[in-house]
>>> print(open('final-v9.cif').read())   # mmCIF, C-alpha atoms and all ligand atoms
data_start
loop_
_atom_site.label_atom_id
_atom_site.label_comp_id
_atom_site.auth_asym_id
_atom_site.auth_seq_id
_atom_site.Cartn_x
_atom_site.Cartn_y
_atom_site.Cartn_z
CA MET A 141 11.63 18.54 7.09
CA THR A 142 12.78 16.06 4.48
CA LYS A 143 16.30 14.99 5.28
CA PHE A 144 18.57 13.91 2.47
CA ASN A 145 21.75 11.94 2.97
CA GLU A 146 24.22 9.98 0.88
CA THR A 147 21.81 7.02 0.55
CA HIS A 148 19.74 9.27 -1.74
CA ASP A 149 22.73 10.16 -3.97
CA PRO A 150 21.38 9.62 -7.52
CA GLY A 151 24.90 8.83 -8.72
CA ARG A 152 25.27 5.86 -6.40
CA ARG A 153 25.23 2.46 -8.14
CA SER A 154 25.48 -1.07 -6.78
CA TRP A 155 27.80 -3.98 -7.59
CA VAL A 156 24.55 -6.00 -7.75
CA ALA A 157 24.10 -5.47 -11.50
CA SER A 158 20.30 -5.94 -11.56
CA ALA A 159 19.93 -2.98 -9.18
CA ASN A 160 21.30 -0.62 -11.86
CA ARG A 161 19.02 -1.82 -14.64
CA SER A 162 16.57 0.82 -15.84
CA GLY A 163 13.05 -0.14 -14.85
CA THR A 164 14.03 -2.00 -11.67
CA ASP A 165 11.87 -1.20 -8.65
CA PHE A 166 14.79 -1.78 -6.29
CA PRO A 167 17.87 0.34 -7.05
CA ILE A 168 20.34 1.02 -4.23
CA GLN A 169 18.36 4.19 -3.37
CA ASN A 170 15.30 2.11 -2.38
CA LEU A 171 16.37 -0.72 0.00
CA PRO A 172 12.89 -1.76 1.24
CA PHE A 173 12.37 -4.23 4.10
CA GLY A 174 10.44 -7.49 3.78
CA VAL A 175 10.20 -11.08 5.00
CA PHE A 176 11.16 -13.99 2.76
CA ARG A 177 11.02 -17.77 3.14
CA PRO A 178 13.78 -19.72 1.34
CA ARG A 179 13.11 -23.29 0.22
CA ASP A 180 15.35 -24.71 2.94
CA GLY A 181 14.90 -22.45 5.94
CA PRO A 182 12.66 -20.39 8.17
CA ALA A 183 11.05 -17.09 7.16
CA ARG A 184 13.31 -14.14 7.94
CA GLY A 185 13.85 -10.47 7.24
CA GLY A 186 15.65 -9.11 4.23
CA VAL A 187 16.19 -6.02 2.12
CA ALA A 188 15.53 -5.96 -1.63
CA ILE A 189 18.32 -4.95 -4.02
CA GLY A 190 17.63 -5.46 -7.75
CA ASP A 191 16.54 -9.06 -8.31
CA CYS A 192 18.03 -10.17 -4.97
CA ILE A 193 17.42 -9.96 -1.25
CA VAL A 194 20.06 -9.21 1.36
CA ASP A 195 19.66 -11.91 4.03
CA LEU A 196 20.05 -9.88 7.22
CA SER A 197 20.75 -12.99 9.32
CA ALA A 198 23.64 -13.88 7.00
CA GLY A 199 24.93 -10.30 7.23
CA LEU A 200 24.82 -10.47 11.03
CA ALA A 201 26.60 -13.84 11.06
CA ALA A 202 29.32 -12.38 8.84
CA GLY A 203 29.80 -9.46 11.24
CA LEU A 204 28.88 -6.80 8.69
CA PHE A 205 26.94 -4.61 11.10
CA SER A 206 27.76 -2.80 14.33
CA GLY A 207 26.04 -0.42 16.75
CA MET A 208 22.54 0.70 15.83
CA ALA A 209 22.77 -0.99 12.42
CA ALA A 210 23.46 -4.33 14.13
CA GLU A 211 20.58 -3.80 16.57
CA ALA A 212 18.30 -3.00 13.64
CA ALA A 213 19.49 -6.02 11.61
CA GLN A 214 18.93 -8.25 14.63
CA ALA A 215 15.41 -6.87 15.08
CA ALA A 216 14.66 -7.31 11.36
CA SER A 217 16.03 -10.83 10.99
CA GLY A 218 13.04 -12.72 12.41
CA PRO A 219 9.78 -13.84 10.75
CA ALA A 220 8.10 -10.41 11.20
CA LEU A 221 9.45 -6.87 11.08
CA ASN A 222 7.53 -5.58 14.11
CA PRO A 223 10.67 -5.52 16.32
CA ILE A 224 12.60 -3.18 13.99
CA MET A 225 9.47 -1.05 13.61
CA ALA A 226 9.29 -0.76 17.41
CA LEU A 227 12.93 0.39 17.62
CA GLY A 228 12.02 3.56 15.72
CA ASN A 229 13.14 5.02 12.43
CA PRO A 230 16.68 6.12 13.46
CA HIS A 231 17.57 2.41 13.78
CA ALA A 232 16.16 1.52 10.36
CA SER A 233 18.01 4.53 8.98
CA ALA A 234 21.34 3.36 10.44
CA LEU A 235 20.87 -0.06 8.83
CA ARG A 236 19.91 1.53 5.50
CA ALA A 237 23.07 3.66 5.57
CA ARG A 238 25.25 0.63 6.29
CA LEU A 239 23.58 -1.51 3.59
CA SER A 240 23.97 1.28 1.06
CA GLU A 241 27.69 1.43 1.91
CA LEU A 242 28.11 -2.36 1.66
CA LEU A 243 26.24 -2.62 -1.64
CA ARG A 244 27.70 0.40 -3.44
CA GLU A 245 29.79 -0.17 -6.51
CA ASP A 246 32.65 2.03 -5.27
CA GLY A 247 32.51 1.07 -1.58
CA ALA A 248 35.71 0.50 0.40
CA GLU A 249 34.54 -2.99 1.45
CA ARG A 250 33.20 -4.08 -1.92
CA LYS A 251 35.74 -6.89 -2.49
CA ARG A 252 35.15 -8.51 0.88
CA VAL A 253 31.35 -8.22 0.66
CA GLU A 254 31.11 -9.33 -2.97
CA ALA A 255 33.20 -12.40 -2.07
CA MET A 256 30.45 -13.51 0.34
CA ALA A 257 27.61 -12.70 -2.08
CA SER A 258 26.55 -16.34 -2.41
CA LYS A 259 25.75 -16.36 1.34
CA LEU A 260 24.57 -12.77 1.73
CA LEU A 261 22.28 -12.52 -1.31
CA VAL A 262 19.29 -14.68 -2.18
CA ALA A 263 17.59 -14.58 -5.59
CA THR A 264 14.07 -13.21 -5.12
CA ALA A 265 12.83 -15.73 -7.71
CA ASP A 266 13.92 -18.59 -5.42
CA VAL A 267 11.96 -17.57 -2.32
CA THR A 268 8.41 -16.92 -1.16
CA LEU A 269 7.67 -13.39 0.02
CA GLU A 270 5.57 -13.42 3.18
CA MET A 271 3.66 -10.87 5.23
CA PRO A 272 6.31 -8.31 6.23
CA CYS A 273 4.87 -7.89 9.72
CA GLU A 274 2.06 -8.91 12.00
CA VAL A 275 -0.67 -6.35 11.40
CA ALA A 276 -2.21 -5.83 14.83
CA ALA A 277 -4.88 -3.43 13.67
CA TYR A 278 -5.99 -2.01 10.36
CA THR A 279 -7.74 1.30 9.78
CA ASP A 280 -9.18 2.13 6.37
CA PHE A 281 -9.42 5.79 5.47
CA PHE A 282 -11.56 7.45 2.80
CA THR A 283 -9.42 10.38 1.74
CA SER A 284 -9.86 10.80 -2.04
CA ILE A 285 -12.33 13.58 -2.68
CA PHE A 286 -12.84 12.22 -6.21
CA HIS A 287 -13.71 8.71 -4.95
CA ALA A 288 -15.97 10.20 -2.28
CA THR A 289 -17.70 12.52 -4.76
CA ARG A 290 -18.36 9.88 -7.44
CA GLY A 291 -19.73 7.44 -4.87
CA GLY A 292 -21.67 10.14 -3.05
CA ARG A 293 -23.44 11.23 -6.25
CA VAL A 294 -25.10 7.80 -6.46
CA ARG A 295 -26.77 8.41 -3.10
CA ASN A 296 -27.22 12.17 -3.24
CA PRO A 297 -26.56 13.90 -6.59
CA GLN A 298 -27.04 17.40 -5.11
CA GLU A 299 -24.79 16.92 -2.05
CA PRO A 300 -22.33 14.09 -2.81
CA LEU A 301 -19.87 14.91 -0.01
CA THR A 302 -20.84 14.47 3.62
CA PRO A 303 -20.45 17.70 5.66
CA ASN A 304 -17.42 16.29 7.51
CA PHE A 305 -15.29 15.30 4.48
CA LYS A 306 -13.24 18.52 4.27
CA HIS A 307 -12.74 18.68 8.06
CA ILE A 308 -11.57 15.18 9.05
CA PRO A 309 -9.83 12.28 7.34
CA ILE A 310 -12.80 9.89 7.49
CA GLY A 311 -11.93 6.32 8.48
CA TYR A 312 -13.31 3.16 9.98
CA SER A 313 -11.79 0.17 11.77
CA GLY A 314 -10.96 -2.57 9.27
CA ARG A 315 -10.09 -6.20 9.88
CA ALA A 316 -6.41 -7.12 10.34
CA THR A 317 -6.80 -10.92 10.60
CA SER A 318 -7.74 -11.40 6.94
CA ILE A 319 -4.88 -9.41 5.37
CA ARG A 320 -2.69 -11.65 3.20
CA PRO A 321 0.50 -11.02 1.23
CA SER A 322 0.62 -10.60 -2.53
CA GLY A 323 -0.07 -13.82 -4.43
CA VAL A 324 -2.55 -15.40 -2.01
CA PRO A 325 -6.00 -15.80 -3.69
CA PHE A 326 -9.33 -15.13 -2.00
CA LYS A 327 -12.63 -16.95 -2.44
CA ARG A 328 -15.55 -14.81 -3.57
CA PRO A 329 -17.40 -14.15 -0.32
CA LEU A 330 -20.95 -15.25 0.43
CA GLY A 331 -23.25 -12.67 1.92
CA GLN A 332 -26.60 -11.00 2.24
CA PHE A 333 -27.56 -8.37 -0.32
CA LEU A 334 -30.41 -6.98 -2.39
CA GLY A 335 -30.41 -8.81 -5.74
CA GLU A 336 -32.41 -8.24 -8.93
CA ARG A 337 -35.60 -6.20 -8.43
CA GLY A 338 -34.64 -5.62 -4.81
CA VAL A 339 -35.12 -9.25 -3.73
CA LEU A 340 -33.15 -10.11 -0.59
CA ARG A 341 -30.66 -12.92 -1.18
CA PHE A 342 -27.81 -14.79 0.47
CA GLY A 343 -25.16 -16.05 -1.92
CA PRO A 344 -21.95 -15.30 -3.79
CA GLU A 345 -21.19 -11.57 -4.01
CA PRO A 346 -22.20 -10.40 -7.52
CA ARG A 347 -20.28 -7.08 -7.51
CA MET A 348 -16.75 -8.07 -6.54
CA ASP A 349 -14.37 -5.10 -6.65
CA PHE A 350 -10.81 -4.09 -5.82
CA GLU A 351 -9.55 -0.82 -4.36
CA LEU A 352 -6.15 0.59 -5.34
CA GLU A 353 -4.74 1.94 -2.08
CA VAL A 354 -1.44 2.67 -0.37
CA GLY A 355 -0.86 1.43 3.18
CA ALA A 356 1.27 3.11 5.83
CA LEU A 357 2.83 0.87 8.50
CA ILE A 358 3.36 2.30 11.98
CA ALA A 359 6.88 2.32 13.45
CA ARG A 360 6.98 3.04 17.18
CA GLY A 361 3.51 3.51 18.58
CA ASN A 362 2.06 5.96 21.08
CA PRO A 363 0.93 5.16 24.64
CA LEU A 364 -2.83 5.04 25.17
CA GLY A 365 -4.10 8.54 25.95
CA THR A 366 -1.21 10.34 24.20
CA PRO A 367 -1.92 12.10 20.88
CA ILE A 368 0.73 12.58 18.18
CA PRO A 369 1.24 16.14 16.90
CA LEU A 370 1.30 16.62 13.13
CA ALA A 371 4.91 17.85 13.20
CA ALA A 372 6.00 14.45 14.62
CA ALA A 373 3.62 12.26 12.60
CA ARG A 374 6.08 11.16 9.95
CA ASP A 375 8.48 9.80 12.61
CA TYR A 376 5.76 7.31 13.52
CA ILE A 377 5.52 5.80 10.03
CA PHE A 378 7.99 2.99 9.25
CA GLY A 379 7.12 2.53 5.61
CA TYR A 380 4.55 2.15 2.88
CA CYS A 381 3.13 -0.70 0.81
CA LEU A 382 0.55 -1.24 -1.91
CA PHE A 383 -2.78 -2.31 -0.56
CA ASN A 384 -5.76 -3.89 -2.33
CA ASP A 385 -8.75 -3.41 -0.11
CA TRP A 386 -11.09 -5.88 -1.89
CA SER A 387 -14.73 -4.88 -1.67
CA ALA A 388 -17.95 -6.87 -1.98
CA ARG A 389 -20.10 -3.99 -3.21
CA ALA A 390 -23.56 -5.56 -3.00
CA ILE A 391 -23.00 -6.80 0.56
CA GLN A 392 -21.44 -3.44 1.44
CA ALA A 393 -24.32 -1.41 -0.03
CA TRP A 394 -26.95 -3.33 1.96
CA GLU A 395 -25.14 -3.43 5.30
CA SER A 396 -23.31 -0.10 5.57
CA VAL A 397 -26.07 2.25 6.72
CA PRO A 398 -25.89 3.38 9.47
CA ALA A 399 -22.76 1.83 11.09
CA GLY A 400 -20.39 1.63 8.12
CA PRO A 401 -18.77 -1.22 6.17
CA PHE A 402 -18.53 -4.67 7.77
CA LEU A 403 -18.70 -8.04 5.94
CA GLY A 404 -18.33 -6.41 2.53
CA LYS A 405 -14.72 -5.66 3.49
CA THR A 406 -13.61 -8.07 6.22
CA PHE A 407 -13.25 -11.21 4.07
CA GLY A 408 -9.79 -10.15 2.90
CA SER A 409 -7.25 -7.54 1.85
CA THR A 410 -3.92 -7.96 0.04
CA MET A 411 -0.69 -6.12 0.85
CA SER A 412 2.54 -5.97 -1.12
CA PRO A 413 5.51 -7.64 0.58
CA TRP A 414 8.08 -4.81 0.53
CA LEU A 415 7.88 -1.88 2.94
CA ILE A 416 9.28 1.21 1.26
CA THR A 417 10.68 3.35 4.08
CA GLY A 418 9.74 6.96 4.58
CA GLU A 419 13.45 7.72 4.17
CA ALA A 420 13.54 6.09 0.71
CA LEU A 421 10.53 8.20 -0.29
CA ALA A 422 12.04 11.48 0.98
CA PRO A 423 12.91 12.75 -2.55
CA PHE A 424 9.28 12.28 -3.64
CA HIS A 425 7.54 14.32 -0.97
CA CYS A 426 5.57 17.19 -2.45
CA PRO A 427 2.87 19.71 -1.50
CA ASN A 428 -0.35 18.46 0.00
CA PHE A 429 -3.52 18.42 -2.11
CA VAL A 430 -4.31 21.95 -3.25
CA ARG A 431 -7.73 22.72 -1.83
CA ALA A 432 -10.21 24.90 -3.68
CA PRO A 433 -10.08 28.56 -2.55
CA ASP A 434 -13.43 28.29 -0.79
CA ASP A 435 -12.60 25.00 0.96
CA PRO A 436 -12.35 25.29 4.74
CA LYS A 437 -8.89 25.40 6.32
CA PRO A 438 -8.39 22.35 8.55
CA LEU A 439 -8.48 22.94 12.30
CA PRO A 440 -5.03 23.77 13.76
CA TYR A 441 -4.23 20.20 14.94
CA LEU A 442 -4.47 19.04 11.29
CA PHE A 443 -2.58 21.95 9.74
CA ASP A 444 1.01 23.06 9.58
CA LYS A 445 3.31 24.60 7.00
CA GLU A 446 5.53 21.55 6.55
CA ASN A 447 2.53 19.31 5.87
CA GLU A 448 1.21 21.80 3.33
CA GLU A 449 4.58 22.07 1.59
CA GLU A 450 5.72 18.46 1.60
CA GLY A 451 3.14 16.22 3.27
CA GLY A 452 2.12 14.62 -0.04
CA ILE A 453 3.94 11.82 -1.86
CA ASP A 454 4.32 11.96 -5.65
CA LEU A 455 3.68 8.28 -6.37
CA LYS A 456 2.30 6.91 -9.63
CA LEU A 457 -0.18 4.10 -9.03
CA GLU A 458 -1.57 1.58 -11.50
CA ALA A 459 -4.00 -1.33 -11.47
CA TYR A 460 -3.93 -4.16 -14.03
CA LEU A 461 -6.43 -6.93 -14.70
CA VAL A 462 -5.77 -10.49 -15.92
CA THR A 463 -8.88 -12.55 -16.78
CA PRO A 464 -8.76 -16.37 -17.11
CA ARG A 465 -9.01 -15.97 -20.92
CA MET A 466 -6.09 -13.54 -20.94
CA ARG A 467 -4.08 -15.92 -18.74
CA ALA A 468 -4.78 -18.86 -21.06
CA ALA A 469 -3.68 -16.76 -24.05
CA ASN A 470 -0.57 -15.54 -22.22
CA ALA A 471 -1.77 -11.96 -22.84
CA MET A 472 -0.22 -8.94 -21.12
CA PRO A 473 -2.13 -7.70 -18.07
CA ALA A 474 -4.52 -4.90 -19.10
CA ARG A 475 -4.06 -1.58 -17.34
CA ILE A 476 -7.44 -0.43 -16.06
CA SER A 477 -6.44 2.44 -13.77
CA ALA A 478 -3.60 4.97 -13.49
CA THR A 479 -3.60 7.54 -10.70
CA ASN A 480 -1.29 9.33 -8.27
CA LEU A 481 -1.16 9.46 -4.49
CA THR A 482 -1.14 13.28 -4.69
CA THR A 483 -4.87 13.13 -5.43
CA LEU A 484 -5.58 12.40 -1.74
CA TYR A 485 -7.28 15.26 0.08
CA TRP A 486 -5.49 14.36 3.33
CA THR A 487 -1.85 13.31 3.91
CA PHE A 488 -0.77 10.24 5.84
CA GLY A 489 0.54 12.63 8.53
CA GLN A 490 -2.95 14.09 8.93
CA MET A 491 -4.51 10.61 8.97
CA LEU A 492 -2.13 9.47 11.70
CA THR A 493 -2.51 12.63 13.82
CA HIS A 494 -6.29 12.48 13.50
CA HIS A 495 -6.27 8.75 14.38
CA ALA A 496 -4.36 9.35 17.62
CA SER A 497 -6.03 12.68 18.44
CA ASN A 498 -8.45 11.01 20.85
CA GLY A 499 -5.60 9.17 22.56
CA CYS A 500 -6.04 5.93 20.58
CA ASN A 501 -2.82 3.91 20.84
CA LEU A 502 -1.17 2.76 17.61
CA LEU A 503 1.16 -0.24 17.65
CA PRO A 504 4.26 -1.09 15.61
CA GLY A 505 2.95 -2.79 12.46
CA ASP A 506 -0.50 -1.21 12.53
CA LEU A 507 -1.74 -0.48 9.02
CA LEU A 508 -3.40 2.71 7.80
CA GLY A 509 -5.03 2.32 4.38
CA SER A 510 -5.24 5.52 2.32
CA GLY A 511 -8.68 4.75 0.91
CA THR A 512 -9.25 4.31 -2.82
CA THR A 513 -6.79 6.64 -4.56
CA SER A 514 -9.04 7.88 -7.36
CA GLY A 515 -8.15 11.10 -9.14
CA PRO A 516 -10.18 13.57 -11.20
CA THR A 517 -9.76 11.92 -14.64
CA ASP A 518 -11.64 8.90 -16.01
CA GLU A 519 -8.41 6.91 -16.23
CA SER A 520 -7.62 7.60 -12.57
CA ARG A 521 -10.78 5.97 -11.19
CA ALA A 522 -9.20 3.43 -8.83
CA CYS A 523 -11.90 0.76 -8.42
CA LEU A 524 -14.34 -1.03 -10.74
CA ALA A 525 -17.42 0.59 -9.17
CA GLU A 526 -16.16 3.95 -10.42
CA LEU A 527 -14.79 2.57 -13.71
CA SER A 528 -18.17 0.99 -14.56
CA ALA A 529 -20.07 4.10 -13.39
CA TYR A 530 -21.66 1.99 -10.65
CA ASP A 531 -22.67 -0.96 -12.85
CA ALA A 532 -23.94 1.19 -15.74
CA VAL A 533 -21.13 0.92 -18.32
CA ASP A 534 -19.02 -2.00 -19.59
CA ILE A 535 -15.25 -1.74 -19.16
CA SER A 536 -13.65 -2.96 -22.42
CA LEU A 537 -10.51 -5.08 -22.26
CA PRO A 538 -7.95 -5.39 -25.09
CA ASN A 539 -9.04 -8.96 -25.98
CA GLY A 540 -12.68 -7.92 -26.49
CA GLU A 541 -13.90 -9.09 -23.09
CA THR A 542 -15.86 -6.70 -20.91
CA ARG A 543 -16.24 -6.32 -17.17
CA ARG A 544 -18.28 -4.28 -14.72
CA PHE A 545 -17.05 -6.18 -11.68
CA LEU A 546 -14.57 -9.05 -11.15
CA GLY A 547 -15.29 -12.50 -12.54
CA ASP A 548 -14.10 -15.75 -10.98
CA GLY A 549 -10.41 -16.28 -11.70
CA ASP A 550 -9.80 -12.58 -12.38
CA GLU A 551 -6.51 -11.35 -10.99
CA VAL A 552 -5.72 -7.74 -10.02
CA ILE A 553 -2.13 -6.47 -10.00
CA LEU A 554 -1.22 -3.16 -8.36
CA ARG A 555 2.02 -1.32 -9.09
CA ALA A 556 3.61 1.91 -7.86
CA ARG A 557 6.60 3.98 -9.00
CA ALA A 558 8.00 7.20 -7.57
CA GLU A 559 9.69 9.30 -10.26
CA ARG A 560 11.12 12.80 -10.01
CA ALA A 561 13.74 14.85 -11.84
CA GLY A 562 17.05 14.56 -10.01
CA ALA A 563 16.14 11.35 -8.17
CA VAL A 564 16.51 7.67 -9.07
CA THR A 565 13.09 6.11 -9.69
CA ILE A 566 12.01 3.58 -7.09
CA GLY A 567 9.12 1.12 -7.17
CA PHE A 568 7.01 -0.87 -4.72
CA GLY A 569 7.07 -4.30 -6.39
CA GLU A 570 3.74 -5.97 -7.07
CA CYS A 571 0.56 -6.48 -5.09
CA ARG A 572 -1.20 -9.37 -6.77
CA GLY A 573 -4.38 -11.23 -5.89
CA ARG A 574 -6.97 -13.44 -7.59
CA ILE A 575 -10.63 -13.98 -6.85
CA ASP A 576 -11.52 -17.68 -6.88
CA PRO A 577 -15.10 -19.03 -7.12
CA ALA A 578 -17.25 -18.95 -4.00
CA GLU A 579 -17.56 -22.19 -2.04
CA PRO A 580 -21.08 -23.47 -1.33
CA TRP A 581 -22.48 -22.77 2.13
CA PRO A 582 -21.15 -25.46 4.52
CA MET A 583 -23.58 -28.32 5.27
CA ALA A 584 -24.18 -29.21 8.91
MN MN B 601 -10.75 0.91 1.27
#
>>> encode(input="final-v9.cif", output="structure tokens")
Amino acid sequence: MTKFNETHDPGRRSWVASANRSGTDFPIQNLPFGVFRPRDGPARGGVAIGDCIVDLSAGLAAGLFSGMAAEAAQAASGPALNPIMALGNPHASALRARLSELLREDGAERKRVEAMASKLLVATADVTLEMPCEVAAYTDFFTSIFHATRGGRVRNPQEPLTPNFKHIPIGYSGRATSIRPSGVPFKRPLGQFLGERGVLRFGPEPRMDFELEVGALIARGNPLGTPIPLAAARDYIFGYCLFNDWSARAIQAWESVPAGPFLGKTFGSTMSPWLITGEALAPFHCPNFVRAPDDPKPLPYLFDKENEEEGGIDLKLEAYLVTPRMRAANAMPARISATNLTTLYWTFGQMLTHHASNGCNLLPGDLLGSGTTSGPTDESRACLAELSAYDAVDISLPNGETRRFLGDGDEVILRARAERAGAVTIGFGECRGRIDPAEPWPMA
């Protein structure tokens, strides 16, 4: 069940003024973990608060933590968060509770802590945000029934969903080595595809796309051969990030039958730098996707009351586009998609339990992608393939430009906010990435 504690208190404010500003992604109720690199030092773990980052190494050096919170801070103070993930969520929770106490406006230790703010806090604007962890393995799911139905209609208008869709969270093994943090651009990939009039070609991908997804990062893993029951699944998730699972649609369309996506996906994915803990998202859990009355009930290993009642996460998701012309004109990013994580047919708990149901071992820092988070409405189509009706309709931008797929220099920005009555709104920060022109094939 969702556990609330004083770190969720909506009345709690921080002495870090920017954390109380309306519209901030990082109020004191959020406290996400990430890895930052200051100009003059090594990459290390921190926790976001308003426009600043708590430097966990500095907090340790100042003796601010003890017991489990100190163990957690130690494990989170290196260049990757995998060690704190491996400790398990009770450790991260102890550190969150201590940080909330240290940062609160009316805390008993405020004077002492505020006096060391110049050492303890780093301005986010002054650092580079890095990959929060080493992603050992990445699995991409396909759990939006709306995304699956729209795409399926192109292949089979009568029967758009495959017979398994309502019985298993469909997924495939993605590529972890090419995941990069927000802000790192990718080159348009080269590949083999069917071009105009069905002529086979090798060259720059003509139908470059993004996918608006949410990623779940594994906390402690499971030993090989040991499944994870649904009731325990959430304890195995450390936190969540935004995830842009870039897609080369022409390469993907040609290669994917019968063994699934390969080079159309493995050239790169972008993740946001802050991991929003499951604990921070506790106030935003909500019922699972409401299935149609004649939809099949999942098999028992994928079904329990708690998952039905609060396995979903009420998270607003948006994608924005900035073209080179918009950038040159200093124009606002254009919102091209707005959806919600509640549109997923399967919860992250069900994805994780299904993933490990054959005994597959998950590791701390493994990434589960939700799949494209498209909803039922036109506005909630969460990739360009859907937005352009599979290359049939122009997408109009505010400056008069049009797109069906991404042009060179186009940048995609993903954002997420969790809002609910009675809770302080928290956000995910940005997941930003640009597609640069393809390089020519290397000469021997
Ligand atoms: Mn995907």
>>> residues_around(input="final-v9.cif", residues="Ala420 (chain A)", least_positions_apart="4", cutoff="8 Å", atoms="all atoms listed in the file", output="count of residues only")
6
>>> closest_residue(input="final-v9.cif", among="A:Val397, A:Ile535, A:Leu352, A:Ala529", to="Val552 (chain A)", atoms="only C-alpha atoms")
A:Leu352
>>> residues_near_ligand(input="final-v9.cif", ligand="ligand MN 601 (chain B)", cutoff="7 Å", atoms="all atoms listed in the file", output="list in words")
Asp280, Phe281, Phe282, Glu351, Glu353, Asp385, Gly509, Gly511 and Thr512 of chain A
>>> residues_near_point(input="final-v9.cif", point="(-14.6, -4.5, -3.1)", cutoff="9 Å", atoms="only C-alpha atoms", output="PyMOL selection string")
chain A and resi 347-351+384-389+392+404-405+523-525
>>> closest_atom_pairs(input="final-v9.cif", of="region 471-578 of chain A", to="region 204-222 of chain A", cutoff="10 Å", atoms="all atoms listed in the file", output="tab-separated table")
residue	atom	partner	partner_atom	distance
A:Leu503	CA	A:Asn222	CA	9.0
A:Pro504	CA	A:Asn222	CA	5.8
A:Gly505	CA	A:Asn222	CA	5.6
A:Asp506	CA	A:Asn222	CA	9.3
>>> residues_around(input="final-v9.cif", residues="region 259-261 of chain A", least_positions_apart="2", cutoff="10 Å", atoms="only C-alpha atoms", output="ChimeraX atom specification")
/A:156,186-189,191-202,253-257,263-264
>>> residues_near_point(input="final-v9.cif", point="(-18.9, -26.2, -3.7)", cutoff="12 Å", atoms="only C-alpha atoms", output="VMD selection string")
chain A and resid 327 to 328 330 344 576 to 583
>>> closest_residue(input="final-v9.cif", among="A:Pro413, A:Gly291, A:Pro401, A:Pro427", to="Trp486 (chain A)", atoms="all atoms listed in the file")
A:Pro427
>>> closest_residue(input="final-v9.cif", among="A:Ser154, A:Thr289, A:Ser412, A:Thr565", to="Ser240 (chain A)", atoms="all atoms listed in the file")
A:Ser154
>>> atom_distance(input="final-v9.cif", atom1="CA of Ile368 (chain A)", atom2="CA of Ala496 (chain A)")
6.1 Å
>>> atom_distance(input="final-v9.cif", atom1="CA of Tyr278 (chain A)", atom2="CA of Arg315 (chain A)")
5.9 Å
>>> closest_residue(input="final-v9.cif", among="A:Ile358, A:Val564, A:Ala478, A:Ala276", to="Ser162 (chain A)", atoms="only C-alpha atoms")
A:Val564
>>> atom_distance(input="final-v9.cif", atom1="CA of Gly451 (chain A)", atom2="CA of Gly489 (chain A)")
6.9 Å
